[in-house]
Amino acid sequence: MLHLVSIVLCLSPVSEPMLPHPVQLTTSAEFHKAGEAYFSDDGSRLIFQAIPAVAEGETPDDHYSMYVAEVDRDEHGEVTSISNTRRITPEGSANTCGWFYPDRSDHVIFATTTTPPVDMRPPGYQRESGDYRWQFPPEMDIVSLEMKDADGTADAYKPLVSDPTAYLAEGSISPDGRHLLYTSLATGDGDLWVLDLQTGQARPIVVAPGYDGGPFFSPDGRRITYRSDRNLNDLLQIFVADLEFDDTGAITGVSEEHQVTRNEHVNWCPFWTRDGKAVVYATSQVGHYNYEIFLIDADPGHGDDPMRYGTGVRRVTHAMGFDGLPAFSYDGRTMVWTSKRSGEEGSQLWASEFDMDAVPVVPSDVESVEIEH
């Protein structure tokens with residue numbers, strides 16, 4: 001699938017000051033739906049999951065494939081489109097959670113079943129609307145892949161973590177390239193693990209009631225953020241934890257956990273801002289049929305400065321339809337996210353410059369704020 005995706009400007013009637021120039025990167029002409037995209041460190045490529053479009057009357061695939069595309073920019077360096085989109089996973093396999101190795105746009109990881117999954121269990125998570133759900137195929141493992149030539153032709157997959165009886169996915173790599181952070185269902189509950197890529201040792205670091213998943217390292221590699229169903233009520237909350245290291249620099253666990261959101265909504269897919277002082281995340285605060293992206297402080301403070309976990313709430317997106325799975329380019333200038341704002345049946349990828357200071361901070365002593373739709 002090798003074509004250029006033209007710019008489609010967002011027609012949302014509500015302004016989004018943090019996202020001044022949103023552009024649509026994928027369309028229903030190519031993909032039934034697309035989502036969860038991440039930049040390579042140099043900003044030249046995106047990795048994302050998608051289900052290809054089919055002819056009218058045909059049934060789309062049940063599972064996502066993984067794709068890599070080139071990022072096109074204008075003379076000011078702003079993202080305008082993607083091109084040279086190619087699938088890097090076997091036809092029929094189930095795939096999710098792609099990521100680039102640090103300083104490598106030709107080396108990726110992702111979770112895959114490699115072959116079509118045979119365990120058709122019910123969705124592992126579903127909340128009110130059937131549009132928001134994900135499954136946990138036990139055949140899913142995390143692999144790495146080096147793309148050897150210019151057109152992205154795949155070399156052999158290299159297994160990183162594997163368990164034939166348990167779902168392993170939601171992986172990301174530390175900024176120094178040493179650790180793989182991921183979610184494992186080996187115990188029947190979602191726990192966070194790290195694999196030391198130097199020594200090959202894997203260990204659990206967050207083992208608690210409820211599903212803990214979607215973890216990412218902070219830009220300095222000293223903390224992680226993730227979402228958790230800690231209260232076992234399907235109302236996911238955002239957490240941040242401080243990492244512990246031994247004398248060799250290996251991660252040994254977490255020293256302290258901080259609950260960043262504490263409300264009666266579903267909050268998930270957190271991702272760090274470039275300065276490591278806040279996270280963006282999707283929330284049902286505006287409604288389960290209109291997830292929106294918010295930003296919230298997650299700054300541990302320095303010296304005599306107080307901690308600012310869970311303060312400074314700001315709304316990022318304002319369009320009708322789902323907005324979620326936000327992620328930033330390495331330089332923090334661009335946010336890419338998944339949205340249904342175009343009115344197409346399936347979700348698609350969008351990107352925009354990001355201006356964190358364009359929206360004033362909500363006072364921390366206000367527990368709830370009336371938000372205009």
# chains A, B, ... in the order shown; residues from 1 in each chain; ligands from 1
>>> select_by_dssp(residues="segment 105-323 of chain A", states="strand (DSSP E or B)", output="ChimeraX atom specification")
/A:107-112,125-127,129-134,141-147,154,158-161,168-173,179-184,191-196,202-206,212-217,223-228,237-245,251-259,267-272,278-283,292-299,308-309,314-315,323
>>> residues_around(residues="Arg333 of chain A", least_positions_apart="3", cutoff="8 Å", atoms="only C-alpha atoms", output="PDB file with N, CA, C and O atoms, in the first residue's frame")
ATOM      1  N   PHE A 328       3.580  12.196  21.575  1.00  0.00           N
ATOM      2  CA  PHE A 328       4.353  13.333  21.093  1.00  0.00           C
ATOM      3  C   PHE A 328       5.574  12.906  20.304  1.00  0.00           C
ATOM      4  O   PHE A 328       6.139  11.829  20.527  1.00  0.00           O
ATOM      5  N   SER A 329       5.995  13.786  19.403  1.00  0.00           N
ATOM      6  CA  SER A 329       7.285  13.623  18.758  1.00  0.00           C
ATOM      7  C   SER A 329       8.379  13.826  19.800  1.00  0.00           C
ATOM      8  O   SER A 329       8.150  14.389  20.874  1.00  0.00           O
ATOM      9  N   TYR A 330       9.580  13.381  19.487  1.00  0.00           N
ATOM     10  CA  TYR A 330      10.690  13.440  20.445  1.00  0.00           C
ATOM     11  C   TYR A 330      10.965  14.877  20.896  1.00  0.00           C
ATOM     12  O   TYR A 330      11.306  15.113  22.070  1.00  0.00           O
ATOM     13  N   GLU A 353       0.709  20.628  15.477  1.00  0.00           N
ATOM     14  CA  GLU A 353       1.623  21.278  16.410  1.00  0.00           C
ATOM     15  C   GLU A 353       0.946  21.311  17.779  1.00  0.00           C
ATOM     16  O   GLU A 353      -0.275  21.308  17.867  1.00  0.00           O
ATOM     17  N   PHE A 354       1.750  21.355  18.831  1.00  0.00           N
ATOM     18  CA  PHE A 354       1.201  21.311  20.187  1.00  0.00           C
ATOM     19  C   PHE A 354       1.698  22.508  20.972  1.00  0.00           C
ATOM     20  O   PHE A 354       2.901  22.762  21.054  1.00  0.00           O
ATOM     21  N   ASP A 355       0.758  23.247  21.555  1.00  0.00           N
ATOM     22  CA  ASP A 355       1.086  24.427  22.362  1.00  0.00           C
ATOM     23  C   ASP A 355       0.488  24.247  23.755  1.00  0.00           C
ATOM     24  O   ASP A 355      -0.675  24.546  23.993  1.00  0.00           O
TER      25      ASP A 355
END
>>> residues_around(residues="Glu146 of chain A", least_positions_apart="2", cutoff="6 Å", atoms="only C-alpha atoms", output="PDB file with all heavy atoms, in the first residue's frame")
ATOM      1  N   ASP A 106      14.662   2.502  11.846  1.00  0.00           N
ATOM      2  CA  ASP A 106      14.574   1.258  11.083  1.00  0.00           C
ATOM      3  C   ASP A 106      14.457   0.027  11.982  1.00  0.00           C
ATOM      4  O   ASP A 106      14.548  -1.102  11.515  1.00  0.00           O
ATOM      5  CB  ASP A 106      15.807   1.099  10.183  1.00  0.00           C
ATOM      6  CG  ASP A 106      17.110   1.006  10.981  1.00  0.00           C
ATOM      7  OD1 ASP A 106      17.112   1.372  12.177  1.00  0.00           O
ATOM      8  OD2 ASP A 106      18.121   0.569  10.410  1.00  0.00           O
ATOM      9  N   HIS A 107      14.237   0.243  13.285  1.00  0.00           N
ATOM     10  CA  HIS A 107      14.183  -0.866  14.237  1.00  0.00           C
ATOM     11  C   HIS A 107      12.983  -0.646  15.148  1.00  0.00           C
ATOM     12  O   HIS A 107      12.910   0.364  15.851  1.00  0.00           O
ATOM     13  CB  HIS A 107      15.474  -0.928  15.056  1.00  0.00           C
ATOM     14  CG  HIS A 107      15.694  -2.232  15.737  1.00  0.00           C
ATOM     15  ND1 HIS A 107      16.800  -2.488  16.541  1.00  0.00           N
ATOM     16  CD2 HIS A 107      14.968  -3.377  15.750  1.00  0.00           C
ATOM     17  CE1 HIS A 107      16.729  -3.726  17.014  1.00  0.00           C
ATOM     18  NE2 HIS A 107      15.624  -4.278  16.539  1.00  0.00           N
ATOM     19  N   LYS A 148      15.355  -3.630   6.782  1.00  0.00           N
ATOM     20  CA  LYS A 148      16.689  -3.579   6.210  1.00  0.00           C
ATOM     21  C   LYS A 148      16.849  -2.627   5.044  1.00  0.00           C
ATOM     22  O   LYS A 148      17.916  -2.083   4.822  1.00  0.00           O
ATOM     23  CB  LYS A 148      17.111  -4.990   5.759  1.00  0.00           C
ATOM     24  CG  LYS A 148      17.271  -5.980   6.907  1.00  0.00           C
ATOM     25  CD  LYS A 148      18.415  -5.587   7.815  1.00  0.00           C
ATOM     26  CE  LYS A 148      18.681  -6.675   8.849  1.00  0.00           C
ATOM     27  NZ  LYS A 148      19.760  -6.317   9.767  1.00  0.00           N
TER      28      LYS A 148
END
>>> atom_distance(atom1="atom CA of Phe239 of chain A", atom2="atom CA of Glu264 of chain A")
15.0 Å
>>> residues_around(residues="segment 338-342 of chain A", least_positions_apart="6", cutoff="7 Å", atoms="only C-alpha atoms", output="list in words")
Gly35, Glu36, Ala319, Met320, Gly321, Phe322, Asp323, Gly324, Leu325, Gln348, Leu349 and Trp350 of chain A
>>> closest_residue(among="A:Lys277, A:Arg314, A:His265, A:Arg222", to="Leu236 of chain A", atoms="only C-alpha atoms")
A:His265
>>> closest_residue(among="A:Asp234, A:Asp305, A:Asp141, A:Asp196", to="Leu181 of chain A", atoms="only C-alpha atoms")
A:Asp196
>>> residues_around(residues="Ala53 of chain A", least_positions_apart="4", cutoff="12 Å", atoms="only C-alpha atoms", output="number ranges by chain")
A: 1, 26-34, 57-62, 64-65, 345-346, 348
>>> residues_around(residues="Val79 of chain A", least_positions_apart="6", cutoff="12 Å", atoms="only C-alpha atoms", output="mmCIF file with all heavy atoms, in the first residue's frame")
data_model
loop_
_atom_site.group_PDB
_atom_site.id
_atom_site.type_symbol
_atom_site.label_atom_id
_atom_site.label_comp_id
_atom_site.auth_asym_id
_atom_site.auth_seq_id
_atom_site.Cartn_x
_atom_site.Cartn_y
_atom_site.Cartn_z
ATOM 1 N N VAL A 5 -0.982 10.419 1.473
ATOM 2 C CA VAL A 5 -2.228 10.855 2.086
ATOM 3 C C VAL A 5 -2.257 12.374 2.092
ATOM 4 O O VAL A 5 -1.377 13.017 2.659
ATOM 5 C CB VAL A 5 -2.352 10.315 3.522
ATOM 6 C CG1 VAL A 5 -3.654 10.792 4.147
ATOM 7 C CG2 VAL A 5 -2.283 8.804 3.516
ATOM 8 N N SER A 6 -3.231 12.968 1.456
ATOM 9 C CA SER A 6 -3.309 14.425 1.370
ATOM 10 C C SER A 6 -3.803 15.018 2.680
ATOM 11 O O SER A 6 -4.418 14.339 3.505
ATOM 12 C CB SER A 6 -4.246 14.836 0.230
ATOM 13 O OG SER A 6 -5.534 14.319 0.456
ATOM 14 N N ILE A 7 -3.578 16.304 2.849
ATOM 15 C CA ILE A 7 -3.993 17.006 4.054
ATOM 16 C C ILE A 7 -5.511 17.117 4.086
ATOM 17 O O ILE A 7 -6.141 17.470 3.108
ATOM 18 C CB ILE A 7 -3.394 18.417 4.104
ATOM 19 C CG1 ILE A 7 -1.855 18.341 4.049
ATOM 20 C CG2 ILE A 7 -3.855 19.173 5.327
ATOM 21 C CD1 ILE A 7 -1.226 19.697 3.965
ATOM 22 N N VAL A 8 -6.113 16.833 5.241
ATOM 23 C CA VAL A 8 -7.528 17.092 5.460
ATOM 24 C C VAL A 8 -7.627 17.939 6.717
ATOM 25 O O VAL A 8 -7.252 17.495 7.794
ATOM 26 C CB VAL A 8 -8.328 15.790 5.628
ATOM 27 C CG1 VAL A 8 -9.801 16.105 5.846
ATOM 28 C CG2 VAL A 8 -8.139 14.892 4.426
ATOM 29 N N HIS A 21 -3.146 23.557 14.241
ATOM 30 C CA HIS A 21 -3.288 23.192 12.833
ATOM 31 C C HIS A 21 -3.417 21.672 12.682
ATOM 32 O O HIS A 21 -2.521 21.004 12.161
ATOM 33 C CB HIS A 21 -2.092 23.696 12.024
ATOM 34 C CG HIS A 21 -1.913 25.176 12.072
ATOM 35 N ND1 HIS A 21 -0.895 25.792 12.757
ATOM 36 C CD2 HIS A 21 -2.661 26.173 11.529
ATOM 37 C CE1 HIS A 21 -1.006 27.091 12.639
ATOM 38 N NE2 HIS A 21 -2.068 27.358 11.902
ATOM 39 N N PRO A 22 -4.553 21.097 13.094
ATOM 40 C CA PRO A 22 -4.722 19.645 12.980
ATOM 41 C C PRO A 22 -4.890 19.197 11.527
ATOM 42 O O PRO A 22 -5.596 19.845 10.742
ATOM 43 C CB PRO A 22 -5.987 19.365 13.791
ATOM 44 C CG PRO A 22 -6.742 20.651 13.768
ATOM 45 C CD PRO A 22 -5.725 21.745 13.723
ATOM 46 N N VAL A 23 -4.214 18.121 11.171
ATOM 47 C CA VAL A 23 -4.338 17.539 9.836
ATOM 48 C C VAL A 23 -4.624 16.051 9.964
ATOM 49 O O VAL A 23 -4.142 15.386 10.886
ATOM 50 C CB VAL A 23 -3.074 17.767 8.983
ATOM 51 C CG1 VAL A 23 -2.848 19.243 8.708
ATOM 52 C CG2 VAL A 23 -1.848 17.150 9.644
ATOM 53 N N GLN A 24 -5.409 15.525 9.044
ATOM 54 C CA GLN A 24 -5.747 14.102 9.044
ATOM 55 C C GLN A 24 -4.705 13.353 8.225
ATOM 56 O O GLN A 24 -4.407 13.713 7.088
ATOM 57 C CB GLN A 24 -7.147 13.892 8.454
ATOM 58 C CG GLN A 24 -7.637 12.461 8.584
ATOM 59 C CD GLN A 24 -9.089 12.302 8.176
ATOM 60 O OE1 GLN A 24 -9.803 13.285 8.048
ATOM 61 N NE2 GLN A 24 -9.511 11.064 7.985
ATOM 62 N N LEU A 25 -4.140 12.292 8.821
ATOM 63 C CA LEU A 25 -3.053 11.561 8.185
ATOM 64 C C LEU A 25 -3.503 10.291 7.475
ATOM 65 O O LEU A 25 -2.850 9.848 6.529
ATOM 66 C CB LEU A 25 -1.986 11.195 9.233
ATOM 67 C CG LEU A 25 -1.367 12.352 10.003
ATOM 68 C CD1 LEU A 25 -0.325 11.827 10.988
ATOM 69 C CD2 LEU A 25 -0.738 13.373 9.066
ATOM 70 N N PHE A 39 5.981 8.243 16.967
ATOM 71 C CA PHE A 39 7.058 8.744 16.130
ATOM 72 C C PHE A 39 8.374 8.027 16.421
ATOM 73 O O PHE A 39 8.645 7.650 17.568
ATOM 74 C CB PHE A 39 7.295 10.236 16.401
ATOM 75 C CG PHE A 39 6.263 11.167 15.837
ATOM 76 C CD1 PHE A 39 5.234 11.653 16.634
ATOM 77 C CD2 PHE A 39 6.344 11.581 14.511
ATOM 78 C CE1 PHE A 39 4.297 12.534 16.127
ATOM 79 C CE2 PHE A 39 5.403 12.462 13.998
ATOM 80 C CZ PHE A 39 4.372 12.939 14.799
ATOM 81 N N GLY A 43 11.729 11.759 14.105
ATOM 82 C CA GLY A 43 10.500 12.304 13.556
ATOM 83 C C GLY A 43 10.241 11.955 12.107
ATOM 84 O O GLY A 43 9.294 12.478 11.508
ATOM 85 N N SER A 44 11.042 11.071 11.547
ATOM 86 C CA SER A 44 10.913 10.770 10.116
ATOM 87 C C SER A 44 9.870 9.706 9.817
ATOM 88 O O SER A 44 9.411 9.592 8.680
ATOM 89 C CB SER A 44 12.259 10.315 9.549
ATOM 90 O OG SER A 44 12.645 9.049 10.105
ATOM 91 N N ARG A 45 9.473 8.900 10.826
ATOM 92 C CA ARG A 45 8.551 7.806 10.592
ATOM 93 C C ARG A 45 7.516 7.702 11.704
ATOM 94 O O ARG A 45 7.759 8.139 12.832
ATOM 95 C CB ARG A 45 9.298 6.472 10.468
ATOM 96 C CG ARG A 45 10.039 6.302 9.158
ATOM 97 C CD ARG A 45 10.822 5.012 9.108
ATOM 98 N NE ARG A 45 11.338 4.754 7.768
ATOM 99 C CZ ARG A 45 12.213 3.810 7.463
ATOM 100 N NH1 ARG A 45 12.667 2.993 8.409
ATOM 101 N NH2 ARG A 45 12.627 3.647 6.215
ATOM 102 N N LEU A 46 6.393 7.090 11.360
ATOM 103 C CA LEU A 46 5.367 6.703 12.312
ATOM 104 C C LEU A 46 5.167 5.204 12.235
ATOM 105 O O LEU A 46 5.224 4.610 11.154
ATOM 106 C CB LEU A 46 4.025 7.364 11.985
ATOM 107 C CG LEU A 46 3.733 8.796 12.417
ATOM 108 C CD1 LEU A 46 2.335 9.181 11.931
ATOM 109 C CD2 LEU A 46 3.822 8.948 13.928
ATOM 110 N N GLU A 70 6.381 7.024 6.226
ATOM 111 C CA GLU A 70 7.243 8.206 6.267
ATOM 112 C C GLU A 70 6.402 9.420 6.647
ATOM 113 O O GLU A 70 5.234 9.547 6.251
ATOM 114 C CB GLU A 70 7.888 8.452 4.904
ATOM 115 C CG GLU A 70 8.582 7.235 4.307
ATOM 116 C CD GLU A 70 9.720 6.724 5.166
ATOM 117 O OE1 GLU A 70 10.450 7.565 5.747
ATOM 118 O OE2 GLU A 70 9.883 5.491 5.253
ATOM 119 N N VAL A 71 6.985 10.323 7.406
ATOM 120 C CA VAL A 71 6.304 11.557 7.824
ATOM 121 C C VAL A 71 6.738 12.690 6.903
ATOM 122 O O VAL A 71 7.936 12.971 6.756
ATOM 123 C CB VAL A 71 6.643 11.905 9.286
ATOM 124 C CG1 VAL A 71 6.021 13.235 9.676
ATOM 125 C CG2 VAL A 71 6.169 10.795 10.211
ATOM 126 N N ASP A 72 5.770 13.333 6.262
ATOM 127 C CA ASP A 72 6.040 14.450 5.359
ATOM 128 C C ASP A 72 5.810 15.763 6.092
ATOM 129 O O ASP A 72 4.850 15.903 6.861
ATOM 130 C CB ASP A 72 5.129 14.375 4.137
ATOM 131 C CG ASP A 72 5.249 13.045 3.413
ATOM 132 O OD1 ASP A 72 6.392 12.593 3.195
ATOM 133 O OD2 ASP A 72 4.206 12.454 3.072
ATOM 134 N N ARG A 73 6.664 16.749 5.817
ATOM 135 C CA ARG A 73 6.603 18.031 6.518
ATOM 136 C C ARG A 73 6.717 19.193 5.531
ATOM 137 O O ARG A 73 7.259 19.033 4.426
ATOM 138 C CB ARG A 73 7.728 18.124 7.557
ATOM 139 C CG ARG A 73 7.674 17.030 8.622
ATOM 140 C CD ARG A 73 8.878 17.069 9.552
ATOM 141 N NE ARG A 73 8.839 15.968 10.508
ATOM 142 C CZ ARG A 73 8.231 16.010 11.682
ATOM 143 N NH1 ARG A 73 7.620 17.126 12.056
ATOM 144 N NH2 ARG A 73 8.242 14.967 12.482
ATOM 145 N N SER A 329 5.995 13.786 19.403
ATOM 146 C CA SER A 329 7.285 13.623 18.758
ATOM 147 C C SER A 329 8.379 13.826 19.800
ATOM 148 O O SER A 329 8.150 14.389 20.874
ATOM 149 C CB SER A 329 7.449 14.624 17.611
ATOM 150 O OG SER A 329 7.277 15.958 18.100
ATOM 151 N N ARG A 333 7.147 18.982 19.751
ATOM 152 C CA ARG A 333 6.457 19.992 18.942
ATOM 153 C C ARG A 333 5.141 19.487 18.371
ATOM 154 O O ARG A 333 4.246 20.286 18.083
ATOM 155 C CB ARG A 333 7.354 20.440 17.783
ATOM 156 C CG ARG A 333 8.541 21.282 18.169
ATOM 157 C CD ARG A 333 9.348 21.656 16.937
ATOM 158 N NE ARG A 333 8.535 22.348 15.926
ATOM 159 C CZ ARG A 333 8.973 22.640 14.705
ATOM 160 N NH1 ARG A 333 10.190 22.266 14.332
ATOM 161 N NH2 ARG A 333 8.183 23.280 13.855
ATOM 162 N N THR A 334 5.016 18.173 18.178
ATOM 163 C CA THR A 334 3.871 17.626 17.452
ATOM 164 C C THR A 334 3.182 16.552 18.275
ATOM 165 O O THR A 334 3.842 15.702 18.882
ATOM 166 C CB THR A 334 4.330 17.015 16.117
ATOM 167 O OG1 THR A 334 5.064 17.988 15.376
ATOM 168 C CG2 THR A 334 3.140 16.548 15.293
ATOM 169 N N MET A 335 1.851 16.589 18.298
ATOM 170 C CA MET A 335 1.071 15.519 18.902
ATOM 171 C C MET A 335 0.359 14.744 17.795
ATOM 172 O O MET A 335 -0.230 15.340 16.898
ATOM 173 C CB MET A 335 0.044 16.061 19.895
ATOM 174 C CG MET A 335 -0.624 14.968 20.736
ATOM 175 S SD MET A 335 -1.822 15.600 21.958
ATOM 176 C CE MET A 335 -3.328 15.601 20.969
ATOM 177 N N VAL A 336 0.425 13.434 17.869
ATOM 178 C CA VAL A 336 -0.336 12.570 16.984
ATOM 179 C C VAL A 336 -1.356 11.839 17.843
ATOM 180 O O VAL A 336 -1.066 11.502 18.995
ATOM 181 C CB VAL A 336 0.584 11.590 16.220
ATOM 182 C CG1 VAL A 336 1.324 10.649 17.170
ATOM 183 C CG2 VAL A 336 -0.194 10.799 15.180
ATOM 184 N N TRP A 350 -4.556 11.605 13.300
ATOM 185 C CA TRP A 350 -4.441 13.047 13.140
ATOM 186 C C TRP A 350 -3.144 13.519 13.786
ATOM 187 O O TRP A 350 -2.591 12.846 14.667
ATOM 188 C CB TRP A 350 -5.620 13.759 13.802
ATOM 189 C CG TRP A 350 -6.917 13.574 13.072
ATOM 190 C CD1 TRP A 350 -7.667 12.438 12.994
ATOM 191 C CD2 TRP A 350 -7.609 14.560 12.313
ATOM 192 N NE1 TRP A 350 -8.783 12.653 12.234
ATOM 193 C CE2 TRP A 350 -8.775 13.952 11.801
ATOM 194 C CE3 TRP A 350 -7.357 15.903 12.030
ATOM 195 C CZ2 TRP A 350 -9.680 14.642 11.008
ATOM 196 C CZ3 TRP A 350 -8.272 16.604 11.246
ATOM 197 C CH2 TRP A 350 -9.414 15.964 10.739
ATOM 198 N N ALA A 351 -2.669 14.683 13.363
ATOM 199 C CA ALA A 351 -1.477 15.279 13.964
ATOM 200 C C ALA A 351 -1.607 16.790 13.939
ATOM 201 O O ALA A 351 -2.326 17.359 13.109
ATOM 202 C CB ALA A 351 -0.211 14.857 13.216
ATOM 203 N N SER A 352 -0.915 17.447 14.876
ATOM 204 C CA SER A 352 -0.910 18.901 14.935
ATOM 205 C C SER A 352 0.289 19.376 15.730
ATOM 206 O O SER A 352 0.816 18.651 16.584
ATOM 207 C CB SER A 352 -2.190 19.424 15.599
ATOM 208 O OG SER A 352 -2.145 20.842 15.760
ATOM 209 N N GLU A 353 0.709 20.628 15.477
ATOM 210 C CA GLU A 353 1.623 21.278 16.410
ATOM 211 C C GLU A 353 0.946 21.311 17.779
ATOM 212 O O GLU A 353 -0.275 21.308 17.867
ATOM 213 C CB GLU A 353 1.922 22.703 15.978
ATOM 214 C CG GLU A 353 2.461 22.843 14.577
ATOM 215 C CD GLU A 353 1.537 23.658 13.709
ATOM 216 O OE1 GLU A 353 0.574 23.065 13.186
ATOM 217 O OE2 GLU A 353 1.762 24.866 13.566
ATOM 218 N N PHE A 354 1.750 21.355 18.831
ATOM 219 C CA PHE A 354 1.201 21.311 20.187
ATOM 220 C C PHE A 354 1.698 22.508 20.972
ATOM 221 O O PHE A 354 2.901 22.762 21.054
ATOM 222 C CB PHE A 354 1.624 20.013 20.876
ATOM 223 C CG PHE A 354 1.082 19.866 22.276
ATOM 224 C CD1 PHE A 354 -0.247 19.544 22.476
ATOM 225 C CD2 PHE A 354 1.900 20.053 23.379
ATOM 226 C CE1 PHE A 354 -0.763 19.415 23.768
ATOM 227 C CE2 PHE A 354 1.403 19.916 24.671
ATOM 228 C CZ PHE A 354 0.067 19.589 24.863
#
